[in-house]
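*Asks:* Have a look at this one before I ask anything.
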Amino acid sequence: MDTFLLNNSENDLLKAAEHIKNGNVVGLPTETVYGLGADATNEAAVRAIFAAKGRPADNPLIVHLADFSDAVKFTSSIPELAYRLAERFCPGPLTMVLPKNDRIPMVTSGGLDTVGIRVPSHPVMHRIIELSGCPIAAPSANISGYPSPTTAGHVMRDMQGKIAAVVDGGQSDFGVESTVISFDDENSVRILRPGAVTREMLLEICGNVVIDPAILHEVAEGAKVASPGMKYKHYSPKADIIMVEADHDAFLSVVEKEYDEGVYALVFDGDTCPYRHMTYGADSSQQAHLLFQRLRELDEIGAKKVFVRAPSPEGIGLAVYNRLIRAAGFEVIRV
Ligand code: AMP
Ligand code: MG
């Protein structure tokens, strides 16, 4: 199959929407990362997403809607708190896990009786949902396990020949996937995956916001988890990633001890580093924006082992920390 690169003209967005209506899979830009989209109600189309990624069948897909008011069509009940959150955070990088109805097939929800609902703010994604008239199931558009794509070029590299088209909508703003939450009771939510909608932001609307333990800790083999994606090794380039929680000087002495052919450092902007290195921003937002791109670039330049200076786990930094510790397979050096 030839994979066509489409641009953001109305004509090309119509082509992308036509593909979605016809049950094909298309790479789509969003404000978080690029997604691999198909009609969420079409079982064969959804199976084709899982096949293109090599994604385990029990890892559910998020369903993207043009407006939160459409959520009633695909869910069996919506708590009042969800509407209040939607008013504040939709469109945007927030996914709410709600009880699904029969219009969402079990393949889409990875066998769960719930569905993650998100309303993306990216104008290209929003327009394609409108033009197709479909709820769009879209996981991140990377090969399963590899860092998520934040440009159309990344998607092409992973998906060329496997999907109908990729729509180029520029570089993703946030650079990390959406915040995923579930509802514990009428005033409390649980963060299953951290993202750009932070705990502090959720606390403006919710009485209580619990951070699921699986965000920062390794999930035991065979354990039941609220967010199936947390079970899998994730976000990892080919290079061996080691996360180092240390100040600037302590970090450098860790790298010095291990420095060899193929060893690189990934540090903050402004760090002085005498070893082969790349930087990934000066604050948490920049680090979110750049992390996945840098992990891909390190593979391209042939890095074998990368020591990464750990980000602060505050605000959106928690999302960066969560992705990095998984990319490192929980290999952490603390000094
Ligand atoms: P991705 O599609 O790569 O952005 O990953 C989506 C992640 O969202 C999954 O791996 C799950 O961890 C989480 N998720 C999606 N739908 C649900 C759901 N119904 N219940 C719990 N977690 C979900
Ligand atoms: Mg993913």
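If you're wondering about the labels, chains in the structure tokens are A, B, ... by order shown, residues count from 1 in each chain, ligands from 1 in order shown.
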Which protein, DNA or RNA residues have an atom within 9 Å of ligand 1, counting only C-alpha atoms and all ligand atoms, as number ranges by chain?
*Replies:* A: 33, 35-36, 58-63, 95-100, 108-117, 137-142, 144, 148, 177-182, 192-193, 225-232
*Asks:* Excluding A:Cys273 and any residue of its chain fewer than 6 positions from it, enumerate the residues within 10 Å of it, using only C-alpha atoms, and give them as a list in words.
*Replies:* His248, Asp249, Phe251, Leu252, Val255, Ala265, Leu266, Val267 and Thr279 of chain A
*Asks:* Would you write out those residues with N, CA and C atoms, as a tab-separated table (two decimals), in the first residue's frame?
*Replies:*
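The resulting file, selection_28.tsv, is reproduced below:
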```
chain	number	residue	atom	x	y	z
A	248	HIS	N	23.14	18.80	38.58
A	248	HIS	CA	24.00	18.92	37.41
A	248	HIS	C	25.35	18.20	37.59
A	249	ASP	N	26.03	18.47	38.71
A	249	ASP	CA	27.38	17.91	38.92
A	249	ASP	C	27.33	16.40	39.14
A	251	PHE	N	25.08	14.37	38.10
A	251	PHE	CA	24.73	13.76	36.82
A	251	PHE	C	25.98	13.55	35.98
A	252	LEU	N	26.83	14.60	35.90
A	252	LEU	CA	28.03	14.49	35.07
A	252	LEU	C	28.98	13.39	35.58
A	255	VAL	N	27.77	10.05	34.26
A	255	VAL	CA	28.09	9.85	32.85
A	255	VAL	C	29.59	9.58	32.68
A	265	ALA	N	24.43	11.71	26.50
A	265	ALA	CA	23.66	12.29	27.60
A	265	ALA	C	22.51	13.11	27.01
A	266	LEU	N	21.39	13.14	27.73
A	266	LEU	CA	20.28	14.03	27.35
A	266	LEU	C	20.04	14.93	28.55
A	267	VAL	N	20.34	16.21	28.37
A	267	VAL	CA	20.38	17.14	29.51
A	267	VAL	C	19.44	18.32	29.27
A	279	THR	N	20.05	18.28	24.13
A	279	THR	CA	19.29	18.93	25.20
A	279	THR	C	17.80	18.78	24.90
```
*Asks:* May I ask which of the residues A:Pro213, A:Gly145, A:Pro91, A:Pro135 is the closest one to ligand 2, counting only C-alpha atoms and all ligand atoms?
*Replies:*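 Ranked by minimum distance to ligand 2, first place goes to A:Gly145.
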*Asks:* Apply DSSP to the structure's backbone, then extract all residues of stretch 9-227 of chain A labelled alpha helix (DSSP H) and return them as a VMD selection string.
*Replies:* chain A and resid 10 to 21 43 to 53 80 to 89 123 to 132 152 to 159 199 to 203
